[in-house]
Structures are given as structure tokens and as C-alpha cells.
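S.K.: Structure incoming, see below.
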Amino acid sequence: MSATDESGAASGTTPQHALPGLLVLGGGGHGRVVAEAAFLSGRFSRLLVVDPQAAAGWSFPICPCVADETGIAAEPADWRFIAAVGDPALRRRLFEAYLHKGFAPASVLHPAAIVSPSAQVGRGVVVCAGAVVATLARLGDGVIVNHAAVVEHDGEVGAFAHLAPGAVLAGGASLGDGSFLGSNASIRHGMRVGPGVVIGNGAAVVADLPEPGTYGGTPARPLNKTTRPRESK
Ligand SMILES: CC(C)(COP(=O)(O)OP(=O)(O)OC[C@H]1O[C@@H](n2cnc3c(N)ncnc32)[C@H](O)[C@@H]1OP(=O)(O)O)[C@@H](O)C(=O)NCCC(=O)NCCS
């Protein structure tokens with residue numbers, strides 16, 4: 001990765017003045033992943049991470065981190081945003097709050113991700129390195145398709161849902177709004193997983209799971225607890 005200037009501007013030959021800046025909302029591990037993907041995509045003139053908690057101790061070569069974008073007088077005309085936290089409820093709140101402020105959401109597609117031209121990609125989506133979003137797949141707003149995850153043909157991922165690294169949504173299957181498919185977990189083709197579902201890492205979903213809750217194992221069954229997955233911010 002090449003160096004940036006102090007403002008976090010991407011280097012390269014693209015005319016930077018023609019591109020918007022990107023506010024990356026969230027300075028945790030996922031925020032850094034998104035910032036790096038945005039940098040490598042070359043689609044943003046500058047990057048700025050916004051996180052009230054991370055700002056003080058922030059150290060990341062790609063871009064600066066501030067507690068609040070008002071300090072740099074960021075104008076909605078010049079900046080897009082992406083909510084880059086793992087927690088789906090917080091991701092949705094940040095998404096709505098910055099829409100309300102007048103900023104437009106941007107999706108970030110890592111240059112090493114493969115996204116079919118026939119796929120529908122919502123607003124504020126990130127598709128990470130090595131991921132595949134196949135033919136006629138549909139991703140709602142605020143979706144995370146993490147490293148090496150696969151959304152197969154005709155798969156549907158609801159708003160603010162998250163496929164963790166290596167997760168596979170097979171052809172025509174669906175994952176509901178705000179649901180989480182753990183790393184290396186899979187959903188069998190055509191199966192429907194409802195909203196508010198957490199599927200543990202390594203699970204295999206072989207039947208519909210319409211009820212919210214936490215599931216794990218092969219075949220996936222309800223686990224005793226209903227806590228959210230432990231994720232970095
Ligand atoms: C499923 C999950 C959310 C449950 O977390 P939790 O609520 O903290 O649950 P605990 O770790 O206390 O485990 C509760 C029970 O479920 C079992 N369990 C936990 N994860 C499991 C999994 N993936 N598969 C099967 N069983 C699992 C535990 O062994 C435990 O069983 P017990 O009650 O018989 O002892 C979590 O284990 C998980 O898989 N998170 C996803 C991690 C991931 O993919 N992260 C990627 C981030 S990018």
C-alpha cells in the first residue's frame with residue numbers, strides 16, 4: 001500500500017478533485033478494514049475516520065481519526081459516509097443519523113472483491129477482499145460482506161445484515177435484516193433465515209430459521225444464550 005498525505009488523501013493518478021471524501025464511521029477493527037478497502041478502491045479523495053472513543057488513541061497510517069467531523073467543517077456536498085461498526089443496531093443508527101445530517105451514503109467495494117454487474121447493492125454496503133457477490137444477488141442497505149464471504153446467485157441479504165469472513169449464503173438463500181452469519185458458517189441453497197438471527201461460526205443452516213435467536217452447530221440448532229456475537233466495533 002502506498003503512502004498518503006496528512007489529510008489521508010489517496011495517492012495515484014485519478015484526478016482527486018473529482019472524487020468525494022469518505023467519512024468512515026467507526027474506528028475499531030472493522031472501521032480500519034473499511035478505511036483500507038476505501039483507500040485501495042481509489043474512489044475517494046480523502047478518508048476520515050469518525051469515532052468519539054477511538055479518536056484520542058488513533059494510530060493508522062491510511063487516514064486520521066477525529067471525534068466529530070464538525071471540526072473539519074465537512075460539508076455534505078464534499079463527503080460521503082459509510083457506517084463501519086459490526087453491531088447491526090448501531091450501524092443502522094449511524095446510517096440514519098448521517099442521512100439526517102444530509103450526507104449521502106457510499107458503498108465500498110474492495111478492488112479484490114468480485115461483485116456481479118447484475119447484483120443489486122444497497123447504500124452503505126462494504127464488500128471486503130476476496131468476497132464474491134454473484135449473479136442477481138441482492139444486498140440491502142448497510143450490509144457487510146466480510147473477507148472471502150460468498151453471496152451466491154439470487155441470494156438475498158437484508159438491510160444491516162453481516163456475513164462474517166468465509167461465510168456462504170448459497171444460491172437463492174436469504175439472510176434477514178440485521179442478522180449475522182458467523183465465520184465459515186453456511187446457509188443451504190434456498191433456505192430462509194429471518195431477521196434478528198445470529199448464527200455461530202462454523203454452523204450449517206439446512207432448514208429455514210424464521211425466529212430471532214442464536215443458533216449454532218451442524219445442523220444449526222438454537223443455542224442457550226441469545227447474546228450478540230463478540231465483535232470488534
Ligand atoms: C454463536 C455465538 C454468537 C454465541 O456466543 P455467546 O452467546 O457468547 O455464547 P457462548 O460462547 O457463551 O456459548 C454458549 C453455548 O453455545 C455453544 N457455542 C458457542 N458458539 C458455538 C458455535 N459456533 N457452534 C456451536 N456451539 C457454539 C457453547 O459451547 C456454549 O455451549 P454450552 O452452553 O453447552 O457450554 C458465538 O460463539 C459465535 O459463534 N460468534 C461468531 C463469531 C464470528 O464469526 N465472528 C466473526 C467476526 S468478523
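Identifiers in the C-alpha cells: chain A, B, ... in order shown; residue index from 1 per chain; ligand index from 1 in order shown.
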Among segment 48-228 of chain A, which residues does DSSP mark as strand (DSSP E or B) when it is run on the backbone? Keep the chain and numbering as in the structure and answer as a VMD selection string.
M.R.: chain A and resid 48 to 50 65 to 66 79 to 83 104 to 105 108 to 109 114 to 115 120 to 121 126 to 127 132 to 133 138 to 139 144 to 145 150 to 151 156 to 157 162 to 163 168 to 169 174 to 175 180 to 181 186 to 187 192 to 193 197 to 199 204 to 205 209 213 to 216 221 to 222
S.K.: Could I get the residue neighbourhood of ligand 1 at 10 Å, counting only C-alpha atoms and all ligand atoms, as an MDAnalysis selection string?
M.R.: chainID A and resid 29:30 86 144:147 162:167 180:185 197:204 213:233
S.K.: Output N, CA and C atoms for every residue in the selection just made, as a tab-separated table (two decimals), in the first residue's frame.
M.R.:
```tsv
chain	number	residue	atom	x	y	z
A	29	GLY	N	-11.75	-2.29	14.67
A	29	GLY	CA	-11.14	-3.16	13.67
A	29	GLY	C	-11.88	-3.13	12.34
A	30	HIS	N	-13.21	-3.18	12.40
A	30	HIS	CA	-13.96	-3.16	11.15
A	30	HIS	C	-13.81	-1.82	10.44
A	86	GLY	N	-19.49	-3.16	13.63
A	86	GLY	CA	-20.05	-4.50	13.48
A	86	GLY	C	-21.46	-4.63	14.02
A	144	ILE	N	-22.71	-5.92	5.41
A	144	ILE	CA	-21.28	-6.23	5.40
A	144	ILE	C	-21.10	-7.62	4.77
A	145	VAL	N	-20.33	-7.68	3.70
A	145	VAL	CA	-19.89	-8.97	3.15
A	145	VAL	C	-18.39	-9.02	3.43
A	146	ASN	N	-18.05	-9.72	4.49
A	146	ASN	CA	-16.68	-9.67	5.00
A	146	ASN	C	-15.72	-10.51	4.14
A	147	HIS	N	-14.46	-10.53	4.52
A	147	HIS	CA	-13.43	-11.18	3.72
A	147	HIS	C	-13.81	-12.62	3.31
A	162	HIS	N	-24.92	-9.12	8.20
A	162	HIS	CA	-23.45	-9.25	8.13
A	162	HIS	C	-23.09	-10.70	7.85
A	163	LEU	N	-22.34	-10.92	6.78
A	163	LEU	CA	-21.70	-12.21	6.54
A	163	LEU	C	-20.26	-12.08	7.00
A	164	ALA	N	-19.89	-12.84	8.04
A	164	ALA	CA	-18.53	-12.79	8.59
A	164	ALA	C	-17.57	-13.48	7.62
A	165	PRO	N	-16.26	-13.37	7.87
A	165	PRO	CA	-15.29	-13.95	6.94
A	165	PRO	C	-15.55	-15.42	6.64
A	166	GLY	N	-15.56	-15.73	5.35
A	166	GLY	CA	-15.71	-17.11	4.90
A	166	GLY	C	-17.12	-17.66	4.95
A	167	ALA	N	-18.10	-16.86	5.35
A	167	ALA	CA	-19.48	-17.35	5.39
A	167	ALA	C	-20.02	-17.50	3.97
A	180	PHE	N	-26.80	-12.09	11.46
A	180	PHE	CA	-25.36	-12.29	11.42
A	180	PHE	C	-25.07	-13.74	11.10
A	181	LEU	N	-24.25	-13.95	10.07
A	181	LEU	CA	-23.83	-15.30	9.69
A	181	LEU	C	-22.35	-15.40	10.03
A	182	GLY	N	-22.00	-16.22	11.06
A	182	GLY	CA	-20.65	-16.27	11.60
A	182	GLY	C	-19.62	-16.79	10.61
A	183	SER	N	-18.38	-16.64	10.97
A	183	SER	CA	-17.31	-17.02	10.06
A	183	SER	C	-17.39	-18.50	9.71
A	184	ASN	N	-17.22	-18.79	8.45
A	184	ASN	CA	-17.27	-20.15	7.90
A	184	ASN	C	-18.60	-20.86	8.12
A	185	ALA	N	-19.64	-20.13	8.44
A	185	ALA	CA	-20.98	-20.73	8.52
A	185	ALA	C	-21.60	-20.69	7.13
A	197	VAL	N	-31.37	-12.81	13.59
A	197	VAL	CA	-30.80	-14.13	13.87
A	197	VAL	C	-29.28	-14.03	13.92
A	198	VAL	N	-28.67	-14.72	14.90
A	198	VAL	CA	-27.21	-14.83	15.00
A	198	VAL	C	-26.87	-16.30	14.78
A	199	ILE	N	-26.02	-16.56	13.80
A	199	ILE	CA	-25.59	-17.94	13.51
A	199	ILE	C	-24.10	-18.04	13.83
A	200	GLY	N	-23.76	-18.96	14.72
A	200	GLY	CA	-22.39	-19.09	15.20
A	200	GLY	C	-21.42	-19.53	14.11
A	201	ASN	N	-20.15	-19.29	14.38
A	201	ASN	CA	-19.14	-19.66	13.39
A	201	ASN	C	-19.15	-21.17	13.15
A	202	GLY	N	-18.97	-21.54	11.90
A	202	GLY	CA	-18.90	-22.94	11.53
A	202	GLY	C	-20.22	-23.66	11.41
A	203	ALA	N	-21.33	-22.98	11.65
A	203	ALA	CA	-22.64	-23.65	11.60
A	203	ALA	C	-23.06	-23.94	10.16
A	204	ALA	N	-23.93	-24.92	10.02
A	204	ALA	CA	-24.53	-25.21	8.72
A	204	ALA	C	-26.04	-25.13	8.89
A	213	GLY	N	-32.95	-15.30	17.23
A	213	GLY	CA	-32.27	-16.08	18.26
A	213	GLY	C	-30.86	-16.40	17.83
A	214	THR	N	-30.18	-17.19	18.66
A	214	THR	CA	-28.79	-17.57	18.36
A	214	THR	C	-28.74	-19.06	18.09
A	215	TYR	N	-28.11	-19.41	16.99
A	215	TYR	CA	-28.08	-20.80	16.52
A	215	TYR	C	-26.63	-21.21	16.26
A	216	GLY	N	-26.35	-22.50	16.39
A	216	GLY	CA	-25.01	-22.97	16.09
A	216	GLY	C	-25.01	-24.45	15.79
A	217	GLY	N	-23.90	-24.96	15.29
A	217	GLY	CA	-23.72	-26.38	15.04
A	217	GLY	C	-24.19	-26.82	13.67
A	218	THR	N	-24.04	-28.13	13.44
A	218	THR	CA	-24.42	-28.72	12.16
A	218	THR	C	-25.29	-29.94	12.41
A	219	PRO	N	-26.55	-29.92	12.06
A	219	PRO	CA	-27.27	-28.77	11.51
A	219	PRO	C	-27.49	-27.72	12.59
A	220	ALA	N	-27.67	-26.48	12.19
A	220	ALA	CA	-27.80	-25.38	13.16
A	220	ALA	C	-29.05	-25.54	14.01
A	221	ARG	N	-28.85	-25.42	15.34
A	221	ARG	CA	-29.96	-25.51	16.30
A	221	ARG	C	-29.84	-24.34	17.27
A	222	PRO	N	-30.93	-24.02	17.98
A	222	PRO	CA	-30.85	-22.91	18.92
A	222	PRO	C	-29.79	-23.15	19.99
A	223	LEU	N	-28.99	-22.14	20.31
A	223	LEU	CA	-28.07	-22.20	21.43
A	223	LEU	C	-28.76	-21.61	22.65
A	224	ASN	N	-28.22	-21.88	23.80
A	224	ASN	CA	-28.90	-21.46	25.02
A	224	ASN	C	-28.97	-19.95	25.17
A	225	LYS	N	-27.89	-19.27	24.83
A	225	LYS	CA	-27.86	-17.83	25.06
A	225	LYS	C	-28.42	-17.08	23.85
A	226	THR	N	-28.79	-15.84	24.08
A	226	THR	CA	-29.27	-15.02	22.96
A	226	THR	C	-28.44	-13.74	22.82
A	227	THR	N	-27.22	-13.78	23.30
A	227	THR	CA	-26.38	-12.58	23.22
A	227	THR	C	-25.90	-12.37	21.80
A	228	ARG	N	-25.49	-11.16	21.48
A	228	ARG	CA	-24.93	-10.84	20.19
A	228	ARG	C	-23.52	-11.39	20.11
A	229	PRO	N	-23.00	-11.59	18.90
A	229	PRO	CA	-21.64	-12.08	18.78
A	229	PRO	C	-20.64	-11.08	19.33
A	230	ARG	N	-19.52	-11.62	19.83
A	230	ARG	CA	-18.46	-10.73	20.29
A	230	ARG	C	-17.68	-10.27	19.06
A	231	GLU	N	-17.84	-9.00	18.74
A	231	GLU	CA	-17.15	-8.48	17.57
A	231	GLU	C	-16.44	-7.21	17.96
A	232	SER	N	-15.41	-6.90	17.22
A	232	SER	CA	-14.80	-5.59	17.41
A	232	SER	C	-15.75	-4.55	16.85
A	233	LYS	N	-15.60	-3.31	17.31
A	233	LYS	CA	-16.53	-2.27	16.89
A	233	LYS	C	-16.54	-2.06	15.39
```
S.K.: Just give me the gap between atom CA of Arg43 of chain A and atom CA of Val115 of chain A in Å, one decimal is fine.
M.R.: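 For atom CA of Arg43 of chain A relative to atom CA of Val115 of chain A, the distance reads 15.9 Å.
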S.K.: List as a PyMOL selection string the protein and nucleic acid residues near Cys65 of chain A, meaning an atom at most 8 Å away when only C-alpha atoms are counted, but skip any in the same chain fewer than 3 places from it.
M.R.: chain A and resi 27+48-51+54-55+58
S.K.: Quick one: write out the picked residues with N, CA and C atoms as a PDB file, in the first residue's frame?
M.R.:
```pdb
ATOM      1  N   GLY A  27     -14.076   3.543  14.469  1.00  0.00           N
ATOM      2  CA  GLY A  27     -12.616   3.444  14.463  1.00  0.00           C
ATOM      3  C   GLY A  27     -12.099   2.139  15.045  1.00  0.00           C
ATOM      4  N   LEU A  48     -11.559   9.987   6.289  1.00  0.00           N
ATOM      5  CA  LEU A  48     -11.537  10.475   7.658  1.00  0.00           C
ATOM      6  C   LEU A  48     -12.364   9.517   8.508  1.00  0.00           C
ATOM      7  N   VAL A  49     -11.724   8.925   9.498  1.00  0.00           N
ATOM      8  CA  VAL A  49     -12.456   8.073  10.430  1.00  0.00           C
ATOM      9  C   VAL A  49     -13.066   8.950  11.511  1.00  0.00           C
ATOM     10  N   VAL A  50     -14.322   8.695  11.849  1.00  0.00           N
ATOM     11  CA  VAL A  50     -15.017   9.456  12.888  1.00  0.00           C
ATOM     12  C   VAL A  50     -15.407   8.488  13.996  1.00  0.00           C
ATOM     13  N   ASP A  51     -14.847   8.708  15.170  1.00  0.00           N
ATOM     14  CA  ASP A  51     -15.150   7.842  16.312  1.00  0.00           C
ATOM     15  C   ASP A  51     -14.783   8.564  17.590  1.00  0.00           C
ATOM     16  N   ALA A  54     -12.400   6.286  19.719  1.00  0.00           N
ATOM     17  CA  ALA A  54     -11.089   5.908  19.170  1.00  0.00           C
ATOM     18  C   ALA A  54     -10.198   7.104  18.916  1.00  0.00           C
ATOM     19  N   ALA A  55     -10.787   8.298  18.754  1.00  0.00           N
ATOM     20  CA  ALA A  55     -10.024   9.450  18.252  1.00  0.00           C
ATOM     21  C   ALA A  55      -8.747   9.709  19.025  1.00  0.00           C
ATOM     22  N   TRP A  58      -5.877   7.034  18.301  1.00  0.00           N
ATOM     23  CA  TRP A  58      -5.862   6.517  16.933  1.00  0.00           C
ATOM     24  C   TRP A  58      -4.465   6.496  16.342  1.00  0.00           C
TER      25      TRP A  58
END
```
S.K.: For Glu96 of chain A, please output as a list of chain:residue names all residues within 12 Å (counting only C-alpha atoms; exclusion window: fewer than 3 positions along the same chain).
M.R.: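 Everything that qualifies: A:Leu25, A:Phe81, A:Ile82, A:Ala83, A:Ala89, A:Leu90, A:Arg91, A:Arg92, A:Arg93, A:Leu99, A:His100, A:Lys101, A:Gly102, A:Phe103, A:Ala104, A:Pro105, A:Arg123, A:Gly124, A:Asp141, A:Gly142, A:Phe160.
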S.K.: I need the residues from that last selection saved to file as an mmCIF file, in the first residue's frame (with C-alpha atoms), if you can.
M.R.:
```
data_model
loop_
_atom_site.group_PDB
_atom_site.id
_atom_site.type_symbol
_atom_site.label_atom_id
_atom_site.label_comp_id
_atom_site.auth_asym_id
_atom_site.auth_seq_id
_atom_site.Cartn_x
_atom_site.Cartn_y
_atom_site.Cartn_z
ATOM 1 C CA LEU A 25 -17.979 5.985 10.957
ATOM 2 C CA PHE A 81 -20.209 8.329 4.589
ATOM 3 C CA ILE A 82 -20.235 4.665 5.486
ATOM 4 C CA ALA A 83 -21.235 3.252 8.881
ATOM 5 C CA ALA A 89 -28.263 -1.793 15.552
ATOM 6 C CA LEU A 90 -25.508 0.789 15.969
ATOM 7 C CA ARG A 91 -24.692 0.558 12.268
ATOM 8 C CA ARG A 92 -28.311 1.344 11.442
ATOM 9 C CA ARG A 93 -28.422 4.244 13.942
ATOM 10 C CA LEU A 99 -28.564 10.627 6.394
ATOM 11 C CA HIS A 100 -30.432 13.040 8.650
ATOM 12 C CA LYS A 101 -27.394 15.343 8.673
ATOM 13 C CA GLY A 102 -27.626 15.492 4.892
ATOM 14 C CA PHE A 103 -24.705 13.255 3.943
ATOM 15 C CA ALA A 104 -25.106 10.659 1.194
ATOM 16 C CA PRO A 105 -24.072 7.070 1.891
ATOM 17 C CA ARG A 123 -26.438 2.015 0.113
ATOM 18 C CA GLY A 124 -23.570 1.997 2.573
ATOM 19 C CA ASP A 141 -28.501 -1.055 2.882
ATOM 20 C CA GLY A 142 -25.656 -1.263 5.383
ATOM 21 C CA PHE A 160 -27.684 -4.239 8.066
#
```
S.K.: Please provide as a PyMOL selection string all residues within 9 Å of Val157 of chain A, with the sequence filter that same-chain residues fewer than 4 positions apart are discarded (counting only C-alpha atoms).
M.R.: chain A and resi 137-140+143+151+161-163+169+173-177+179
S.K.: Please provide the set of residues having any atom within 10 Å of Ala38 of chain A, restricted to only C-alpha atoms, with same-chain residues fewer than 6 positions apart removed, written as a PyMOL selection string.
M.R.: chain A and resi 10+22+24+32+44-47+82+106-111+126+128
S.K.: How about saving the chosen residues, C-alpha atoms kept, as a tab-separated table (two decimals), in the first residue's frame?
M.R.:
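Below is the file again12.tsv, written as the result:
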```tsv
chain	number	residue	atom	x	y	z
A	10	ALA	CA	-5.38	8.56	-1.68
A	22	LEU	CA	-15.37	9.49	2.74
A	24	VAL	CA	-15.75	6.16	7.89
A	32	ARG	CA	-9.92	0.07	9.71
A	44	PHE	CA	-12.41	8.71	-2.61
A	45	SER	CA	-10.24	11.82	-2.50
A	46	ARG	CA	-9.74	11.72	1.28
A	47	LEU	CA	-10.60	9.46	4.15
A	82	ILE	CA	-20.24	4.66	5.49
A	106	ALA	CA	-21.37	5.37	-0.17
A	107	SER	CA	-20.65	1.71	-0.66
A	108	VAL	CA	-17.08	0.45	-0.51
A	109	LEU	CA	-16.06	-2.42	-2.77
A	110	HIS	CA	-12.54	-3.70	-2.22
A	111	PRO	CA	-10.75	-3.98	-5.58
A	126	VAL	CA	-18.99	-2.93	2.21
A	128	CYS	CA	-14.28	-6.93	1.52
```
S.K.: At what distance in Å, to one decimal, does atom CA of Glu152 of chain A lie from atom CA of Ser116 of chain A?
M.R.: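 Separation of atom CA of Ser116 of chain A and atom CA of Glu152 of chain A: 10.1 Å.
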S.K.: Interatomic distance between atom CA of Glu211 of chain A and atom CA of Met191 of chain A?
M.R.: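 Computing the Euclidean distance for atom CA of Glu211 of chain A and atom CA of Met191 of chain A yields 13.3 Å.
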S.K.: Using only C-alpha atoms, which residue out of A:Ala207, A:Ala56, A:Leu136, A:Leu23 lies closest to Ala35 of chain A?
M.R.: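 Once distances to Ala35 of chain A are computed over only C-alpha atoms, the minimum belongs to A:Leu23.
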S.K.: Nearest to Ala129 of chain A: which of A:Asp87, A:Ser41, A:Gly28, A:Trp79 is it, counting only C-alpha atoms?
M.R.: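 Nearest to Ala129 of chain A: A:Ser41.
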S.K.: With only C-alpha atoms as the atoms that count, which of A:Gly178, A:Gly26, A:Thr135, A:Ala149 lies nearest to Val85 of chain A?
M.R.: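 Nearest candidate to Val85 of chain A out of A:Gly178, A:Gly26, A:Thr135, A:Ala149: A:Gly26.
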